[in-house]
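Structure file work_31.cif (mmCIF, C-alpha atoms) follows.
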data_run
loop_
_atom_site.group_PDB
_atom_site.id
_atom_site.type_symbol
_atom_site.label_atom_id
_atom_site.label_comp_id
_atom_site.auth_asym_id
_atom_site.auth_seq_id
_atom_site.Cartn_x
_atom_site.Cartn_y
_atom_site.Cartn_z
ATOM 1 C CA MET A 1112 27.751 13.309 -46.566
ATOM 2 C CA PRO A 1113 26.196 16.807 -46.884
ATOM 3 C CA SER A 1114 27.047 19.372 -44.236
ATOM 4 C CA GLN A 1115 24.452 20.618 -41.721
ATOM 5 C CA ARG A 1116 24.214 23.910 -43.625
ATOM 6 C CA ARG A 1117 23.552 22.041 -46.874
ATOM 7 C CA ARG A 1118 20.880 19.881 -45.202
ATOM 8 C CA ASP A 1119 19.168 23.007 -43.802
ATOM 9 C CA THR A 1120 19.180 24.591 -47.281
ATOM 10 C CA LEU A 1121 17.639 21.516 -48.881
ATOM 11 C CA ARG A 1122 15.004 21.312 -46.146
ATOM 12 C CA GLY A 1123 14.196 24.988 -46.656
ATOM 13 C CA ASP A 1124 13.718 24.470 -50.397
ATOM 14 C CA VAL A 1125 11.339 21.568 -49.760
ATOM 15 C CA SER A 1126 9.390 23.499 -47.120
ATOM 16 C CA ALA A 1127 9.096 26.511 -49.412
ATOM 17 C CA ARG A 1128 7.753 24.329 -52.235
ATOM 18 C CA ILE A 1129 5.169 22.651 -49.986
ATOM 19 C CA ALA A 1130 4.128 26.032 -48.571
ATOM 20 C CA GLU A 1131 3.742 27.477 -52.073
ATOM 21 C CA ASP A 1132 1.609 24.528 -53.235
ATOM 22 C CA LEU A 1133 -0.692 24.905 -50.226
ATOM 23 C CA ARG A 1134 -0.749 28.683 -50.612
ATOM 24 C CA GLN A 1135 -1.910 28.443 -54.220
ATOM 25 C CA ALA A 1136 -4.512 25.831 -53.311
ATOM 26 C CA ILE A 1137 -5.929 28.187 -50.678
ATOM 27 C CA LEU A 1138 -5.855 31.304 -52.858
ATOM 28 C CA SER A 1139 -7.457 29.473 -55.794
ATOM 29 C CA GLY A 1140 -10.347 28.309 -53.630
ATOM 30 C CA GLU A 1141 -9.437 24.625 -53.698
ATOM 31 C CA TYR A 1142 -9.453 24.913 -49.912
ATOM 32 C CA ALA A 1143 -12.115 27.300 -48.609
ATOM 33 C CA GLU A 1144 -12.076 29.208 -45.340
ATOM 34 C CA GLY A 1145 -12.490 26.788 -42.457
ATOM 35 C CA ASP A 1146 -11.431 23.715 -44.470
ATOM 36 C CA ARG A 1147 -9.094 21.222 -42.866
ATOM 37 C CA LEU A 1148 -5.729 20.946 -44.616
ATOM 38 C CA PRO A 1149 -3.687 17.733 -45.065
ATOM 39 C CA SER A 1150 -2.146 16.457 -41.853
ATOM 40 C CA THR A 1151 1.580 16.336 -41.255
ATOM 41 C CA SER A 1152 1.634 12.572 -41.797
ATOM 42 C CA GLU A 1153 -0.416 12.849 -45.002
ATOM 43 C CA LEU A 1154 1.972 15.398 -46.483
ATOM 44 C CA MET A 1155 4.999 13.390 -45.342
ATOM 45 C CA GLU A 1156 3.736 10.363 -47.253
ATOM 46 C CA GLN A 1157 2.540 12.351 -50.261
ATOM 47 C CA GLU A 1158 5.718 14.434 -50.642
ATOM 48 C CA GLN A 1159 8.195 11.873 -49.280
ATOM 49 C CA VAL A 1160 9.655 14.424 -46.869
ATOM 50 C CA SER A 1161 10.366 14.670 -43.167
ATOM 51 C CA SER A 1162 7.895 15.923 -40.571
ATOM 52 C CA LEU A 1163 10.215 18.885 -39.924
ATOM 53 C CA SER A 1164 9.890 20.047 -43.539
ATOM 54 C CA VAL A 1165 6.094 19.905 -43.322
ATOM 55 C CA ARG A 1166 6.038 21.742 -40.013
ATOM 56 C CA HIS A 1167 8.248 24.493 -41.444
ATOM 57 C CA ALA A 1168 5.846 24.855 -44.393
ATOM 58 C CA TYR A 1169 2.847 25.199 -42.107
ATOM 59 C CA GLN A 1170 4.701 27.625 -39.835
ATOM 60 C CA ALA A 1171 5.293 29.869 -42.855
ATOM 61 C CA LEU A 1172 1.590 29.841 -43.769
ATOM 62 C CA ILE A 1173 0.578 30.501 -40.174
ATOM 63 C CA GLY A 1174 2.945 33.473 -40.156
ATOM 64 C CA GLU A 1175 1.250 34.818 -43.299
ATOM 65 C CA GLY A 1176 -2.166 34.593 -41.665
ATOM 66 C CA LEU A 1177 -3.487 32.002 -44.146
ATOM 67 C CA VAL A 1178 -3.564 29.011 -41.796
ATOM 68 C CA VAL A 1179 -4.387 28.363 -38.156
ATOM 69 C CA ALA A 1180 -3.271 25.382 -36.076
ATOM 70 C CA VAL A 1181 -5.993 23.849 -33.898
ATOM 71 C CA PRO A 1182 -4.543 21.721 -31.057
ATOM 72 C CA LYS A 1183 -5.290 17.993 -31.428
ATOM 73 C CA LYS A 1184 -7.225 18.640 -34.652
ATOM 74 C CA GLY A 1185 -4.761 19.844 -37.280
ATOM 75 C CA PHE A 1186 -4.316 22.760 -39.645
ATOM 76 C CA TYR A 1187 -7.186 24.788 -41.106
ATOM 77 C CA VAL A 1188 -7.616 27.616 -43.588
ATOM 78 C CA ARG A 1189 -8.036 30.746 -41.516
ATOM 79 C CA GLU A 1190 -11.553 32.144 -41.482
ATOM 80 C CA SER A 1191 -11.756 35.905 -41.907
ATOM 81 C CA LEU A 1192 -14.781 38.000 -41.014
ATOM 82 C CA CYS A 1193 -14.642 40.639 -43.737
ATOM 83 C CA MET A 1194 -17.189 43.413 -44.041
ATOM 84 C CA THR A 1195 -18.092 46.135 -46.476
ATOM 85 C CA TRP A 1196 -17.835 49.537 -44.809
ATOM 86 C CA HIS A 1197 -19.726 52.447 -46.380
ATOM 87 C CA MET A 1198 -17.413 55.209 -45.265
ATOM 88 C CA THR A 1199 -19.685 58.094 -46.265
ATOM 89 C CA LYS A 1200 -22.391 56.704 -43.958
ATOM 90 C CA TRP A 1201 -19.976 56.052 -41.113
ATOM 91 C CA GLN A 1202 -20.833 59.219 -39.184
ATOM 92 C CA ASP A 1203 -23.693 60.622 -41.256
ATOM 93 C CA PRO A 1204 -25.552 62.792 -38.706
ATOM 94 C CA LYS A 1205 -28.987 62.021 -40.203
ATOM 95 C CA ARG A 1206 -28.263 58.302 -40.016
ATOM 96 C CA LEU A 1207 -26.875 58.373 -36.489
ATOM 97 C CA GLU A 1208 -29.856 60.353 -35.238
ATOM 98 C CA THR A 1209 -32.022 57.307 -35.985
ATOM 99 C CA VAL A 1210 -29.955 54.820 -33.927
ATOM 100 C CA LYS A 1211 -29.544 54.642 -30.168
ATOM 101 C CA THR A 1212 -25.950 53.449 -30.276
ATOM 102 C CA ASP A 1213 -22.765 54.279 -32.174
ATOM 103 C CA GLY A 1214 -22.477 53.894 -35.947
ATOM 104 C CA TRP A 1215 -20.026 50.986 -35.778
ATOM 105 C CA THR A 1216 -22.441 48.875 -33.731
ATOM 106 C CA ALA A 1217 -25.265 49.685 -36.135
ATOM 107 C CA ASP A 1218 -23.140 48.640 -39.132
ATOM 108 C CA VAL A 1219 -22.077 45.339 -37.565
ATOM 109 C CA GLU A 1220 -25.610 44.429 -36.527
ATOM 110 C CA ALA A 1221 -26.887 45.258 -40.018
ATOM 111 C CA ALA A 1222 -24.293 42.832 -41.436
ATOM 112 C CA GLY A 1223 -25.528 40.045 -39.146
ATOM 113 C CA PHE A 1224 -22.358 39.753 -37.068
ATOM 114 C CA SER A 1225 -22.060 39.593 -33.311
ATOM 115 C CA HIS A 1226 -20.037 42.333 -31.660
ATOM 116 C CA ARG A 1227 -18.492 43.697 -28.516
ATOM 117 C CA GLN A 1228 -16.050 46.436 -27.693
ATOM 118 C CA THR A 1229 -13.912 47.459 -24.767
ATOM 119 C CA ILE A 1230 -14.086 51.178 -24.030
ATOM 120 C CA SER A 1231 -11.796 53.294 -21.868
ATOM 121 C CA VAL A 1232 -11.830 57.063 -21.432
ATOM 122 C CA SER A 1233 -8.784 59.168 -20.598
ATOM 123 C CA ILE A 1234 -7.621 62.783 -20.684
ATOM 124 C CA LEU A 1235 -4.496 63.720 -22.648
ATOM 125 C CA PRO A 1236 -2.560 66.904 -23.381
ATOM 126 C CA GLY A 1237 -3.221 68.659 -26.673
ATOM 127 C CA SER A 1238 0.369 67.879 -27.699
ATOM 128 C CA HIS A 1239 -0.494 64.184 -28.053
ATOM 129 C CA MET A 1240 0.384 63.045 -31.584
ATOM 130 C CA VAL A 1241 -2.144 61.397 -33.901
ATOM 131 C CA ALA A 1242 -0.671 60.169 -37.191
ATOM 132 C CA GLY A 1243 2.194 62.644 -36.920
ATOM 133 C CA THR A 1244 0.150 65.744 -35.980
ATOM 134 C CA PRO A 1245 -0.671 67.164 -32.521
ATOM 135 C CA ILE A 1246 -4.297 66.404 -31.711
ATOM 136 C CA ALA A 1247 -4.862 70.025 -30.631
ATOM 137 C CA GLU A 1248 -3.948 71.147 -34.136
ATOM 138 C CA ARG A 1249 -6.371 68.654 -35.653
ATOM 139 C CA LEU A 1250 -9.167 69.867 -33.343
ATOM 140 C CA GLY A 1251 -8.345 73.538 -33.846
ATOM 141 C CA ILE A 1252 -7.744 74.247 -30.136
ATOM 142 C CA PRO A 1253 -4.722 75.692 -28.287
ATOM 143 C CA GLU A 1254 -2.024 73.082 -27.664
ATOM 144 C CA GLY A 1255 -2.176 73.855 -23.943
ATOM 145 C CA GLU A 1256 -5.757 72.602 -23.719
ATOM 146 C CA ARG A 1257 -6.620 69.017 -22.865
ATOM 147 C CA VAL A 1258 -8.470 66.466 -24.945
ATOM 148 C CA VAL A 1259 -10.665 63.497 -24.114
ATOM 149 C CA VAL A 1260 -9.975 60.212 -25.879
ATOM 150 C CA ARG A 1261 -12.358 57.264 -26.009
ATOM 151 C CA SER A 1262 -10.191 54.214 -26.798
ATOM 152 C CA ARG A 1263 -11.837 51.059 -28.076
ATOM 153 C CA VAL A 1264 -10.856 47.601 -29.211
ATOM 154 C CA ARG A 1265 -13.692 46.271 -31.329
ATOM 155 C CA TYR A 1266 -14.467 42.589 -31.891
ATOM 156 C CA ILE A 1267 -16.851 40.777 -34.235
ATOM 157 C CA GLY A 1268 -18.128 37.212 -34.512
ATOM 158 C CA PRO A 1269 -19.771 35.102 -37.240
ATOM 159 C CA GLY A 1270 -23.371 35.498 -36.051
ATOM 160 C CA PRO A 1271 -25.674 37.073 -33.458
ATOM 161 C CA ASP A 1272 -25.484 34.025 -31.187
ATOM 162 C CA GLN A 1273 -21.740 33.418 -31.677
ATOM 163 C CA PRO A 1274 -18.976 34.873 -29.486
ATOM 164 C CA ALA A 1275 -17.319 37.989 -30.869
ATOM 165 C CA ASN A 1276 -13.621 37.196 -30.499
ATOM 166 C CA GLU A 1277 -11.993 38.443 -33.713
ATOM 167 C CA PRO A 1278 -10.476 41.923 -33.336
ATOM 168 C CA GLU A 1279 -11.990 44.146 -36.026
ATOM 169 C CA SER A 1280 -10.316 47.473 -35.307
ATOM 170 C CA LEU A 1281 -8.668 49.828 -32.856
ATOM 171 C CA ALA A 1282 -10.656 53.055 -32.616
ATOM 172 C CA ASP A 1283 -9.703 56.201 -30.702
ATOM 173 C CA SER A 1284 -12.066 59.187 -30.723
ATOM 174 C CA TYR A 1285 -10.715 62.591 -29.636
ATOM 175 C CA TYR A 1286 -12.724 65.594 -28.417
ATOM 176 C CA ALA A 1287 -11.876 68.943 -26.846
ATOM 177 C CA TYR A 1288 -12.183 68.388 -23.083
ATOM 178 C CA ASN A 1289 -13.793 71.786 -22.470
ATOM 179 C CA LEU A 1290 -16.549 70.883 -24.949
ATOM 180 C CA VAL A 1291 -17.561 67.405 -23.742
ATOM 181 C CA LYS A 1292 -16.492 67.308 -20.067
ATOM 182 C CA ASP A 1293 -20.075 67.193 -18.712
ATOM 183 C CA THR A 1294 -21.547 64.750 -21.248
ATOM 184 C CA GLY A 1295 -21.999 61.024 -21.727
ATOM 185 C CA ILE A 1296 -18.870 61.017 -23.902
ATOM 186 C CA MET A 1297 -16.904 60.942 -20.637
ATOM 187 C CA GLU A 1298 -18.437 57.568 -19.702
ATOM 188 C CA PRO A 1299 -17.018 54.212 -20.961
ATOM 189 C CA ASP A 1300 -20.296 53.237 -22.629
ATOM 190 C CA SER A 1301 -21.611 53.167 -26.179
ATOM 191 C CA VAL A 1302 -22.886 56.635 -27.024
ATOM 192 C CA ASN A 1303 -24.587 58.380 -29.945
ATOM 193 C CA THR A 1304 -21.901 60.963 -30.690
ATOM 194 C CA ALA A 1305 -23.980 62.841 -33.257
ATOM 195 C CA GLN A 1306 -26.791 63.398 -30.792
ATOM 196 C CA VAL A 1307 -24.470 64.533 -27.982
ATOM 197 C CA LEU A 1308 -22.611 66.999 -30.186
ATOM 198 C CA ALA A 1309 -25.854 68.336 -31.657
ATOM 199 C CA GLU A 1310 -27.163 68.985 -28.144
ATOM 200 C CA LEU A 1311 -23.956 70.942 -27.463
ATOM 201 C CA GLY A 1312 -24.656 73.153 -30.458
ATOM 202 C CA CYS A 1313 -22.053 71.406 -32.635
ATOM 203 C CA PRO A 1314 -23.998 69.340 -35.183
ATOM 204 C CA MET A 1315 -21.755 67.222 -37.405
ATOM 205 C CA ARG A 1316 -21.947 67.752 -41.143
ATOM 206 C CA ASP A 1317 -18.773 67.146 -43.177
ATOM 207 C CA HIS A 1318 -15.629 65.119 -42.660
ATOM 208 C CA ILE A 1319 -12.102 64.911 -43.992
ATOM 209 C CA ASP A 1320 -10.503 61.460 -44.280
ATOM 210 C CA GLU A 1321 -6.852 60.473 -44.386
ATOM 211 C CA LEU A 1322 -6.233 56.832 -45.382
ATOM 212 C CA THR A 1323 -2.770 55.308 -45.095
ATOM 213 C CA PRO A 1324 -2.025 51.624 -45.868
ATOM 214 C CA ARG A 1325 1.055 50.505 -43.959
ATOM 215 C CA ILE A 1326 2.627 47.625 -42.053
ATOM 216 C CA ALA A 1327 1.269 47.112 -38.530
ATOM 217 C CA SER A 1328 3.440 48.124 -35.594
ATOM 218 C CA ARG A 1329 4.402 45.562 -32.955
ATOM 219 C CA GLN A 1330 1.773 46.941 -30.558
ATOM 220 C CA GLU A 1331 -0.936 46.895 -33.228
ATOM 221 C CA THR A 1332 0.021 43.348 -34.180
ATOM 222 C CA ASP A 1333 -0.394 42.227 -30.568
ATOM 223 C CA ARG A 1334 -3.661 44.077 -29.910
ATOM 224 C CA LEU A 1335 -5.281 42.959 -33.172
ATOM 225 C CA GLN A 1336 -3.893 39.418 -32.877
ATOM 226 C CA LEU A 1337 -2.315 39.625 -36.307
ATOM 227 C CA ALA A 1338 -0.026 36.957 -37.706
ATOM 228 C CA GLY A 1339 3.429 37.760 -39.008
ATOM 229 C CA VAL A 1340 4.024 40.912 -41.031
ATOM 230 C CA THR A 1341 0.545 42.255 -41.797
ATOM 231 C CA ALA A 1342 -0.769 45.327 -43.588
ATOM 232 C CA VAL A 1343 -3.271 47.592 -41.864
ATOM 233 C CA LEU A 1344 -5.347 50.556 -42.992
ATOM 234 C CA GLU A 1345 -4.890 53.653 -40.844
ATOM 235 C CA VAL A 1346 -7.880 55.998 -41.034
ATOM 236 C CA VAL A 1347 -7.963 59.503 -39.546
ATOM 237 C CA ARG A 1348 -11.367 61.149 -39.875
ATOM 238 C CA THR A 1349 -11.814 64.784 -38.854
ATOM 239 C CA THR A 1350 -15.496 65.635 -38.473
ATOM 240 C CA LEU A 1351 -16.624 69.225 -38.981
ATOM 241 C CA THR A 1352 -19.686 71.099 -37.758
ATOM 242 C CA THR A 1353 -22.043 72.984 -40.055
ATOM 243 C CA SER A 1354 -19.824 76.049 -39.510
ATOM 244 C CA GLY A 1355 -16.678 74.123 -40.507
ATOM 245 C CA LYS A 1356 -15.214 73.759 -37.002
ATOM 246 C CA PRO A 1357 -13.370 70.471 -36.225
ATOM 247 C CA VAL A 1358 -15.256 68.782 -33.407
ATOM 248 C CA LEU A 1359 -14.135 65.133 -33.484
ATOM 249 C CA VAL A 1360 -11.073 63.229 -34.679
ATOM 250 C CA LEU A 1361 -11.471 59.482 -35.117
ATOM 251 C CA HIS A 1362 -8.278 57.447 -35.465
ATOM 252 C CA GLN A 1363 -8.768 53.826 -36.548
ATOM 253 C CA ILE A 1364 -6.454 50.926 -37.304
ATOM 254 C CA ARG A 1365 -8.076 48.136 -39.326
ATOM 255 C CA PRO A 1366 -6.484 44.846 -40.430
ATOM 256 C CA GLY A 1367 -5.895 44.667 -44.175
ATOM 257 C CA ASN A 1368 -7.580 41.279 -44.418
ATOM 258 C CA GLY A 1369 -9.995 41.793 -47.279
ATOM 259 C CA SER A 1370 -12.625 44.163 -45.914
ATOM 260 C CA LYS A 1371 -13.934 46.589 -48.526
ATOM 261 C CA TYR A 1372 -14.215 50.359 -48.035
ATOM 262 C CA ILE A 1373 -16.708 52.252 -50.203
ATOM 263 C CA TYR A 1374 -17.006 56.028 -50.586
ATOM 264 C CA GLN A 1375 -19.967 57.680 -52.263
ATOM 265 C CA GLY A 1376 -20.250 61.365 -53.097
ATOM 266 C CA GLU A 1377 -21.752 63.885 -55.454
ATOM 267 C CA CYS A 1378 -20.104 65.076 -58.662
ATOM 268 C CA ARG A 1379 -19.453 68.809 -58.541
ATOM 269 C CA ASP A 1380 -18.083 71.282 -61.054
ATOM 270 C CA ASP A 1381 -14.703 72.798 -60.155
#
The structure given in the file should be rewritten as C-alpha cells.
Amino acid sequence: MPSQRRRDTLRGDVSARIAEDLRQAILSGEYAEGDRLPSTSELMEQEQVSSLSVRHAYQALIGEGLVVAVPKKGFYVRESLCMTWHMTKWQDPKRLETVKTDGWTADVEAAGFSHRQTISVSILPGSHMVAGTPIAERLGIPEGERVVVRSRVRYIGPGPDQPANEPESLADSYYAYNLVKDTGIMEPDSVNTAQVLAELGCPMRDHIDELTPRIASRQETDRLQLAGVTAVLEVVRTTLTTSGKPVLVLHQIRPGNGSKYIYQGECRDD
C-alpha cells in the first residue's frame, strides 16, 4: 500500500494535469471570460479522479487569477475589465482644460465603463519615499518642506449602469504643500488638476515617466484584490511646467492583467 507521501505526490500530479488542461482551454479561447467551467462532479467522472484532486486543480487556477469560484454556482473563467490607456493624453493640459473632472474619469467614461474612486488627502514630510526617492527631491523642493498627497483607489465596472467593483489602480498624487494649500486640491473630491495649477501660474506642459513591471507587494495585493502572485505596473509620472519646474508627481500601481499602454510622440533629430 503506498505511503501517505506517495499518495499526496500522485494526487498532486493529477491535479497539476487537470489544472494545465483547463488552463490551456482558457488561454486558447475554448472557454471565454465569464464561461462556466466543468463542475467538480463532471471532472471527477471525466477524469476518474477524486473530488480532492479536482478541488486542488481549481484552487491553483484561482490562485493564478484565471478562475473565480461562485458560491452555489460553480467555477467560472474570471472576467477582466481591460482598457487601453493613451499615456501621452493622460495629463495633456489642452485635453484636461476641456473636461470638468480628472483625466482618469474622462478616460473611463469614454471607454463606456462605470467608475468610482475613494479619495483621501493627507500631509506628509518631504522625506517620504516614492519608488525609492524622497518626494521632495522629485518635486524639487527642500526636504524639510511638506507635501500634499491625494490617495485614491479607483474602481471600474462593465457598463454605465453596472456597479464599479473591480479595482483598477492605486493612484497617489503629490504636490508641494506651500503651492496648493489654499486650493481645491486639498479637498477629497474629483478635481481638474490642470486648471488648478494653471490658475496658480504653473501650467503643465511636459512629463517624465518611469515604468517598472514587478510583483505586487502584500499590501497592493490586498488593496487591488489580486489573486496569488501577480505582476503589476508601477508608474511614476513627474509633470513639469512650461518653465521645466516639477509641479506634480503621480504614483500609480496598476494590475498587470492585460490592459494596454500606448505612448505617442514626435520624431526629433538628435
May I ask for the distance between CA of Asp1317 (chain A) and CA of Gly1355 (chain A), given in Å to one decimal place?
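Computed distance, CA of Asp1317 (chain A) to CA of Gly1355 (chain A), equals 7.8 Å.
The space separating CA of Glu1254 (chain A) from CA of Ile1234 (chain A) comes to 13.6 Å.
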Go through the shown structure with the PyMOL selection byres ((chain A and resi 1225) around 6) and write out the matching residues as an NGL selection string.
:A and (1224 or 1226 or 1267-1268 or 1270-1271 or 1275)
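Comparing the minimum interatomic distances between Glu1248 (chain A) and each of A:Val1343, A:Ala1305, A:Lys1356, A:Val1232, counting all atoms listed in the file, we find that A:Lys1356 sits nearest.
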On this structure, which residues satisfy the PyMOL selection byres ((chain A and resi 1177) around 9), written as an NGL selection string?
:A and (1134 or 1137 or 1172-1176 or 1178-1179 or 1187-1190 or 1338)
Tell me, in Å to one decimal, how far CA of Ser1262 (chain A) is from CA of Ile1230 (chain A).
5.7 Å
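What the PyMOL selection byres ((chain A and resi 1300) around 10) grabs from this file is Thr1212, Asp1213, Gln1228, Thr1229, Ile1230, Ser1231, Val1232, Arg1261, Gly1295, Ile1296, Met1297, Glu1298, Pro1299, Ser1301, Val1302 and Asn1303 of chain A.
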Which neighbours of Asp1333 (chain A) fall inside 12 Å, counting all atoms listed in the file, when residues of the same chain fewer than 5 positions from it are skipped, and could you give them as a PyMOL selection string?
chain A and resi 1264+1278+1281+1327-1328+1338-1341+1366
Residue among A:Ser1161, A:Ala1287, A:Ile1364, A:Asp1124 lying closest to Gln1330 (chain A), counting only C-alpha atoms:
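Using only C-alpha atoms, the shortest distance to Gln1330 (chain A) belongs to A:Ile1364.
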Need to verify the contact set: Val1347 (chain A), 12 Å, all atoms listed in the file, exclusion of same-chain residues closer than 2 positions in sequence. Can you return it as a PyMOL selection string?
chain A and resi 1198+1241-1244+1246+1249+1281-1285+1318-1324+1344-1345+1349-1350+1359-1365
Padding of 5 Å on every side, edges along x, y and z, all listed atoms of region 1301-1312 of chain A included: what centre and edge lengths in Å, to one decimal, does that box have, as JSON?
{"center_x": -24.4, "center_y": 63.2, "center_z": -29.7, "size_x": 15.6, "size_y": 30.0, "size_z": 17.1}
